[in-house]
Structures are given as structure tokens and as C-alpha cells.
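Note sheet for the following structure.
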Amino acid sequence: MGGKKLHNHNNNNNGAVDTNSNNSNRNGTTTTTTTVKPPPVTLQQSPIINLDRGDPSVFEPYWRKNGGKCTITISGHDSLSYFSDPNSVCWYMEPELQEAIRRVHRVVGNAETEGCHVVAGTGSTVLFQAALYALSTSSSSVAAEPMKVVCAAPYYSQYKEQVELLQSRLYEWGGDAETFDGSAAPFIEVVTSPNNPDGSLREAAVANKTGNGKLIHDLAYYWPNYTPITRPADYDIMLFTLTKCTGHAGSRIGWALVKDVEVAKKMTTFMQITTIGVSKDSQLRAAKILDVVAEDCEQHAAGAFGYAGNDADKTFFGESRKLMAERWEKLREAVKDKKDVFTLPKYPKRYCNFSGRYFQPAPDVILYAAAFGWLECKEGCDASALMKAHNVLTRGGETFGVSSRYTRISMIGREEEFERFIERISGIQCVDEEDEEEEEEEEGFVVMNGNNGGDVIRLGNENSNSHGKWLEQVEVQ
Ligand SMILES: Cc1ncc(COP(=O)(O)O)c(C=O)c1O
């Protein structure tokens, strides 16, 4: 029987149909392959690219290649008890995890663990809350008024939400540390370094000036895959997370390095009351992953700190930094011709003790690899609305306590999504309203289609730029 086979991928559209009937199969019979060309995808129909989330899928290819080394077996009789180490301050913490954490900090040289207590958390998110509880209930700081929690803007958007969620009487959100008067009462300052969203390396903005501030250092991104390791961090409370260190967000493991034993005990109490500890299964897996990463560093790197050397590129951190840097290069390339629309931050040149080389500012971007791109548009432009009009979801400046001219894009998502974003960015234009007076008289938030596939956002009155309106006004071709 003549094998006439129709590969009709999608008949249900208005697209053109190409039929090729000259394909022969192994039996010499002819097959007909019908290819349906989809109709042009309009801007609104085009798939949404979600660069809002900081989900670290970027490292998945690395772990697909190397993940076998991290396999552990947990049998039915494991992890039955709540307790792990009754003699430790953090009694629910597996000793293997504690050891692996100290080891990885030692080999990377990014934090001083000597003299610190390690408190484990279900991600570092819960440890932030544990630290707020501990700092706002220490005897010296129990106050009639809730303690203010501040962070220099732009700040990680989750801090405000977490501080406000339970409407606690112990603490409340105090906003931007840069404009906060810390002279009156004790307060808590959060220092995120490198910072989310803009990747800058930071020191306390206000706490060190007044002496009234207690500090929480969130060092989620202080790893050599994102930033130069300039010295071992050495602060009272330092938060880290597996989420950003190795990309294992789903394991939900974070840890705090805490100098003061009373603070460490209170943080442990918080964990005890809220969740009675942290999954032991996850802890054991995290311990294995961190051990594999640390072993890799010990084998391949030797130099400053006893570890940095030429082979640091072969470690997990080296390979993932390279991956990140490649993305940055693509982003910079795509944004280069768009200076009238976006600009990216410039990072200073800094020496990284782990990799034994400099992290360079653009145009030598090979080594700079921040987890987020912080795009700045010109005055009057709502940056996330501009992106949203192009079906790219980003996180706008207001959520980080700054102007809507800024928006954050995740650099750590899936390859395919990132590539599509790079393609899409070339079509974005931003046009001043004054320059376009001949256009229709509208409220100044018009999005219109360009002549050759370039979609144009016209700037206007910021008050009228609600996202809904922006989108309603989108015209596509
Ligand atoms: C600065 C910062 N701190 C903390 C976290 C929370 O991480 P985790 O997954 O450990 O809760 C994130 C996650 O994106 C972050 O960006």
C-alpha cells in the first residue's frame, strides 16, 4: 500500500500550508509532509516571557551533567526523629549540613564561620523572620513601639512584605535606610550584598552612623558565580541560601551564621515554634550538594585564601559564572543600541580572591554576572509597563522602593526564555511625547505599533500609566 502520510501539525488556523511530497521512506515509498505555517503572532498573542521570578533554573544544565555525584539514598528508617543534635544550639540541624556549610565557606572564602553558630532554615526567607524576632525581643531592645526595619532602596521587595505580613507589634517597616533618621530609637537595618535588584556590593547605610541599629546581612548572592569575592564577610548575622548558591531553590534550605549565642537561640526558638525544625531529608541532600561543590573547589583551585587559582573556572562556581557572564554579554549587546530606551548599571572593577582575577566592568563584561539586570528607562517611562506591553513580565521599581523608571529582569531563568527575551528586546522603542505631537490627543500612555515590527511606547504622564491602561492601549501588528 502506498504510504501516504500527512503530518498535519495544526490545521486549525489561518496559516499557509506547505506540502512536500518528495520524501521517501526506507521502503522507497513516498510520504507527504504537510507543514503548516502559523499565522504571524501578534504582540499580545505572543507567549509571555516571565523574567519577574528569581527562579534559579539557569544552573539546571550544569546539574544535569554533574548531578549524579549528589545522589543520596534515604531509606524508610531515616529521618524519623525531630532531633538531630541535641547538644547543638540548633538542635534540629544535621551535623553533616553544618560541616558542609562551614567547609564551603572556607573553600570559597566568602564568610568567616569561626565563632559563629549555624542556624538552619526552610530557605533563608524564614531565617529573616527569625532574625527579626530575635533582634526585636532581646532584653535591651524590647520597646513600647515596634522597631523599625529599614533597608537602602532599591531593596529586595520581599522584605517589606515579610515585615508587614503579620502586623507584628515587635517590628514594622521603616522604608529606605538612606532617608531614615536612626538617632531616636533602636532599629534593624537589612544590608543585602550583592544587592537584589541591582547587584551592587553594599555596606550599612545608617546603622553604623548612629550606633542604634542592629544589622542583618543578607548575603544570598555573595558567591563567585555572581560577584567578586573580595574578602570573607564577617558580620553579626549573615543569611545564606542554597537557592542562590547552587540553584536548589526547591530544597528550601537556608542558613544563618550568627555570632551572638543568645540571638542564635532565639532564632532557633522561632523555628521551633513555627515549623519544629527543617526537613532532615532536605538537609541531608543539601549537605551532599555542598560537599560535592566544596570538594570540587578544593581539587581545582589553589591560591589566595589557600584555594583560588587558575583552575577555579572548572568548579561549579566557575562554570556557572561563565554561563551567567555569557547571558550578560548577550544582554549588553542587545541593549547597546537601545541607549535611548534602557541603560544598565556599571559595575566597578574588583579583584575576586576565589577566581584569582578581576571582575571587569563593561565592555569587558566577561566576569560580571549579577543575578538580575536592573534596567533604567528615561524619565517619565514606566519600565515594567513598557516590558509588559511586550509580554515580558519584570518587577517594577516601585516594588523595590524606587521610581517606576526602573525594572528588574531575572538573569537566572531558563535558557529558552532568556533567548526569546533577547530577541524581543530589539523591537522595543520609547518615544517622547513632545517629539510626537502629531499623534492622537490621548492621555499620554499610548503604546502603538512601529512600522517594521518595532513596537513603540510613548512616554507621558506617569499618573495615567496604570498597567491596565498601558495594556488596554496596546496595539499590535
Ligand atoms: C536577597 C534575597 N534574600 C533571600 C532570598 C530568599 O531565598 P530562599 O529561597 O532561601 O528563601 C532571596 C530569593 O530570591 C533573595 O533574593
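Each chain in the C-alpha cells gets a letter, A, B, ..., in the order shown, and its residues are numbered from 1; ligands are numbered from 1 in order too.
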Within 9 Å of Glu94 in chain A using only C-alpha atoms, minus same-chain residues under 4 positions, as a PDB file with C-alpha atoms, in the first residue's frame:
ATOM      1  CA  PHE A  83      16.044  15.894  66.705  1.00  0.00           C
ATOM      2  CA  SER A  84      19.427  15.873  65.050  1.00  0.00           C
ATOM      3  CA  ASP A  85      21.963  17.142  67.515  1.00  0.00           C
ATOM      4  CA  GLN A  98      26.650  22.182  59.492  1.00  0.00           C
ATOM      5  CA  GLU A  99      30.018  20.698  58.482  1.00  0.00           C
ATOM      6  CA  LYS A 280      16.055  16.393  57.510  1.00  0.00           C
ATOM      7  CA  GLN A 283      19.227  18.933  54.948  1.00  0.00           C
ATOM      8  CA  LEU A 284      20.989  15.706  54.003  1.00  0.00           C
ATOM      9  CA  ALA A 287      24.862  18.647  52.772  1.00  0.00           C
TER      10      ALA A 287
END
Could you produce a table of the residues of chain A lying within 10 Å of ligand 1, with the nearest pair of atoms per residue and their separation in Å rounded to one decimal, using only C-alpha atoms and all ligand atoms, ordered by chain and increasing residue number, as JSON lines?
{"residue": "A:Arg53", "atom": "CA", "partner": "ligand 1", "partner_atom_place_in_ligand_line": "14 (O)", "distance": 8.1}
{"residue": "A:Gly54", "atom": "CA", "partner": "ligand 1", "partner_atom_place_in_ligand_line": "14 (O)", "distance": 5.4}
{"residue": "A:Asp55", "atom": "CA", "partner": "ligand 1", "partner_atom_place_in_ligand_line": "14 (O)", "distance": 7.4}
{"residue": "A:Pro56", "atom": "CA", "partner": "ligand 1", "partner_atom_place_in_ligand_line": "14 (O)", "distance": 8.7}
{"residue": "A:Gly121", "atom": "CA", "partner": "ligand 1", "partner_atom_place_in_ligand_line": "10 (O)", "distance": 8.1}
{"residue": "A:Thr122", "atom": "CA", "partner": "ligand 1", "partner_atom_place_in_ligand_line": "11 (O)", "distance": 7.0}
{"residue": "A:Gly123", "atom": "CA", "partner": "ligand 1", "partner_atom_place_in_ligand_line": "10 (O)", "distance": 3.3}
{"residue": "A:Ser124", "atom": "CA", "partner": "ligand 1", "partner_atom_place_in_ligand_line": "10 (O)", "distance": 3.8}
{"residue": "A:Thr125", "atom": "CA", "partner": "ligand 1", "partner_atom_place_in_ligand_line": "11 (O)", "distance": 3.8}
{"residue": "A:Val126", "atom": "CA", "partner": "ligand 1", "partner_atom_place_in_ligand_line": "11 (O)", "distance": 6.8}
{"residue": "A:Leu127", "atom": "CA", "partner": "ligand 1", "partner_atom_place_in_ligand_line": "11 (O)", "distance": 8.3}
{"residue": "A:Phe128", "atom": "CA", "partner": "ligand 1", "partner_atom_place_in_ligand_line": "4 (C)", "distance": 7.9}
{"residue": "A:Tyr155", "atom": "CA", "partner": "ligand 1", "partner_atom_place_in_ligand_line": "1 (C)", "distance": 8.5}
{"residue": "A:Tyr156", "atom": "CA", "partner": "ligand 1", "partner_atom_place_in_ligand_line": "1 (C)", "distance": 5.8}
{"residue": "A:Ser157", "atom": "CA", "partner": "ligand 1", "partner_atom_place_in_ligand_line": "16 (O)", "distance": 8.7}
{"residue": "A:Gln158", "atom": "CA", "partner": "ligand 1", "partner_atom_place_in_ligand_line": "15 (C)", "distance": 8.0}
{"residue": "A:Tyr159", "atom": "CA", "partner": "ligand 1", "partner_atom_place_in_ligand_line": "3 (N)", "distance": 8.4}
{"residue": "A:Val190", "atom": "CA", "partner": "ligand 1", "partner_atom_place_in_ligand_line": "1 (C)", "distance": 10.0}
{"residue": "A:Val191", "atom": "CA", "partner": "ligand 1", "partner_atom_place_in_ligand_line": "1 (C)", "distance": 9.2}
{"residue": "A:Thr192", "atom": "CA", "partner": "ligand 1", "partner_atom_place_in_ligand_line": "1 (C)", "distance": 6.0}
{"residue": "A:Ser193", "atom": "CA", "partner": "ligand 1", "partner_atom_place_in_ligand_line": "1 (C)", "distance": 7.9}
{"residue": "A:Pro194", "atom": "CA", "partner": "ligand 1", "partner_atom_place_in_ligand_line": "1 (C)", "distance": 8.1}
{"residue": "A:Asn195", "atom": "CA", "partner": "ligand 1", "partner_atom_place_in_ligand_line": "1 (C)", "distance": 6.7}
{"residue": "A:Asn196", "atom": "CA", "partner": "ligand 1", "partner_atom_place_in_ligand_line": "1 (C)", "distance": 5.2}
{"residue": "A:Pro197", "atom": "CA", "partner": "ligand 1", "partner_atom_place_in_ligand_line": "16 (O)", "distance": 7.8}
{"residue": "A:Gly199", "atom": "CA", "partner": "ligand 1", "partner_atom_place_in_ligand_line": "1 (C)", "distance": 9.9}
{"residue": "A:His217", "atom": "CA", "partner": "ligand 1", "partner_atom_place_in_ligand_line": "3 (N)", "distance": 9.5}
{"residue": "A:Asp218", "atom": "CA", "partner": "ligand 1", "partner_atom_place_in_ligand_line": "3 (N)", "distance": 5.8}
{"residue": "A:Leu219", "atom": "CA", "partner": "ligand 1", "partner_atom_place_in_ligand_line": "1 (C)", "distance": 7.0}
{"residue": "A:Ala220", "atom": "CA", "partner": "ligand 1", "partner_atom_place_in_ligand_line": "3 (N)", "distance": 5.3}
{"residue": "A:Tyr221", "atom": "CA", "partner": "ligand 1", "partner_atom_place_in_ligand_line": "1 (C)", "distance": 7.0}
{"residue": "A:Tyr222", "atom": "CA", "partner": "ligand 1", "partner_atom_place_in_ligand_line": "1 (C)", "distance": 9.9}
{"residue": "A:Leu239", "atom": "CA", "partner": "ligand 1", "partner_atom_place_in_ligand_line": "3 (N)", "distance": 7.7}
{"residue": "A:Phe240", "atom": "CA", "partner": "ligand 1", "partner_atom_place_in_ligand_line": "10 (O)", "distance": 7.1}
{"residue": "A:Thr241", "atom": "CA", "partner": "ligand 1", "partner_atom_place_in_ligand_line": "10 (O)", "distance": 4.4}
{"residue": "A:Leu242", "atom": "CA", "partner": "ligand 1", "partner_atom_place_in_ligand_line": "10 (O)", "distance": 6.4}
{"residue": "A:Thr243", "atom": "CA", "partner": "ligand 1", "partner_atom_place_in_ligand_line": "9 (O)", "distance": 4.9}
{"residue": "A:Lys244", "atom": "CA", "partner": "ligand 1", "partner_atom_place_in_ligand_line": "7 (O)", "distance": 7.2}
{"residue": "A:Cys245", "atom": "CA", "partner": "ligand 1", "partner_atom_place_in_ligand_line": "10 (O)", "distance": 9.5}
{"residue": "A:Gly247", "atom": "CA", "partner": "ligand 1", "partner_atom_place_in_ligand_line": "9 (O)", "distance": 9.2}
{"residue": "A:His248", "atom": "CA", "partner": "ligand 1", "partner_atom_place_in_ligand_line": "9 (O)", "distance": 8.5}
{"residue": "A:Ala249", "atom": "CA", "partner": "ligand 1", "partner_atom_place_in_ligand_line": "9 (O)", "distance": 5.3}
{"residue": "A:Gly250", "atom": "CA", "partner": "ligand 1", "partner_atom_place_in_ligand_line": "9 (O)", "distance": 7.8}
{"residue": "A:Ser251", "atom": "CA", "partner": "ligand 1", "partner_atom_place_in_ligand_line": "9 (O)", "distance": 8.7}
{"residue": "A:Arg252", "atom": "CA", "partner": "ligand 1", "partner_atom_place_in_ligand_line": "9 (O)", "distance": 6.0}
{"residue": "A:Ile253", "atom": "CA", "partner": "ligand 1", "partner_atom_place_in_ligand_line": "10 (O)", "distance": 6.1}
{"residue": "A:Gly254", "atom": "CA", "partner": "ligand 1", "partner_atom_place_in_ligand_line": "10 (O)", "distance": 5.0}
{"residue": "A:Trp255", "atom": "CA", "partner": "ligand 1", "partner_atom_place_in_ligand_line": "10 (O)", "distance": 8.2}
{"residue": "A:Ala371", "atom": "CA", "partner": "ligand 1", "partner_atom_place_in_ligand_line": "16 (O)", "distance": 8.8}
{"residue": "A:Phe372", "atom": "CA", "partner": "ligand 1", "partner_atom_place_in_ligand_line": "16 (O)", "distance": 9.5}
> Which polymer residues have any atom within 8 Å of an atom of Thr227 in chain A, counting only C-alpha atoms, with same-chain residues fewer than 2 positions away left out, as a PyMOL selection string?
Replying inline: chain A and resi 194+221-225+229+352+359+368-370
> CA of Ala111 in chain A and CA of Asp234 in chain A are how many Å apart?
Replying inline: 6.1 Å
> Which residues come within 7 Å of Gly213 in chain A, counting only C-alpha atoms, excluding same-chain residues fewer than 5 positions away, as a PyMOL selection string?
Replying inline: chain A and resi 186-189+207
>> Going by DSSP on the backbone, which residues of range 92-134 of chain A come out as strand (DSSP E)? List them as a list of chain:residue names.
In response: A:His117, A:Val118, A:Val119, A:Ala120, A:Gly121, A:Thr122
> Among range 217-455 of chain A, which ones does DSSP place in helix (DSSP H, G or I), written as a count of residues only?
Replying inline: 99
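Using only C-alpha atoms, the contacts of range 290-302 of chain A at a cut-off of 9 Å, with sequence neighbours closer than 6 positions omitted, comprise Lys69, Cys70, Leu97, Glu99, Ala100, Ile101, Arg103, Val104, His105, Arg106, Val107, Val108, Leu242, Thr246, Ala308, Gly309, Asn310, Asp311, Ala312, Asp313, Lys314, Thr315, Phe316, Phe317, Phe354 and Ser355 of chain A.
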For Val89 in chain A, please output as a short mmCIF file (atom, residue, chain, number, x, y, z; two decimals) with N, CA and C atoms, in the first residue's frame all residues within 10 Å (counting only C-alpha atoms; exclusion window: fewer than 6 positions along the same chain).
data_model
loop_
_atom_site.label_atom_id
_atom_site.label_comp_id
_atom_site.auth_asym_id
_atom_site.auth_seq_id
_atom_site.Cartn_x
_atom_site.Cartn_y
_atom_site.Cartn_z
N HIS A 117 27.56 30.55 65.24
CA HIS A 117 26.60 29.45 65.35
C HIS A 117 25.86 29.38 64.02
N VAL A 118 25.55 28.14 63.61
CA VAL A 118 24.83 27.99 62.34
C VAL A 118 23.39 27.59 62.66
N VAL A 119 22.46 28.37 62.13
CA VAL A 119 21.02 28.07 62.32
C VAL A 119 20.45 27.76 60.94
N VAL A 261 25.32 34.00 70.75
CA VAL A 261 24.62 32.74 71.04
C VAL A 261 23.16 32.97 71.44
N GLU A 262 22.90 34.09 72.12
CA GLU A 262 21.51 34.36 72.53
C GLU A 262 20.62 34.61 71.32
N ALA A 264 21.22 33.42 68.31
CA ALA A 264 21.09 32.11 67.64
C ALA A 264 20.03 31.26 68.33
N LYS A 265 19.99 31.32 69.65
CA LYS A 265 18.99 30.54 70.41
C LYS A 265 17.58 31.04 70.10
N LYS A 266 17.44 32.35 70.04
CA LYS A 266 16.10 32.91 69.76
C LYS A 266 15.65 32.56 68.35
N MET A 267 16.58 32.60 67.43
CA MET A 267 16.22 32.24 66.05
C MET A 267 15.79 30.78 66.00
N THR A 268 16.49 29.95 66.76
CA THR A 268 16.12 28.52 66.81
C THR A 268 14.74 28.36 67.44
N THR A 269 14.47 29.14 68.47
CA THR A 269 13.14 29.09 69.11
C THR A 269 12.06 29.45 68.09
#
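Ranking A:Ile289, A:Leu375, A:Met411, A:Ala325 by their shortest atom-to-atom distance to Gln360 in chain A, with only C-alpha atoms included, puts A:Ala325 first.
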>> Could you check the closest approach to Ala185 in chain A for each of A:Lys338, A:Arg408, A:Lys349, A:Lys214 and tell me which residue wins, using only C-alpha atoms?
In response: A:Lys214
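For the atom pair formed by CA of Arg405 in chain A and CA of Cys381 in chain A, the distance is 5.5 Å, given to one decimal.
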> Using only C-alpha atoms, which residues sit within 7 Å of Thr210 in chain A once same-chain residues fewer than 4 positions away are excluded, as number ranges by chain?
Replying inline: A: 182-183, 206
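Between CA of Gln129 in chain A and CA of Glu164 in chain A there is a distance of 10.9 Å.
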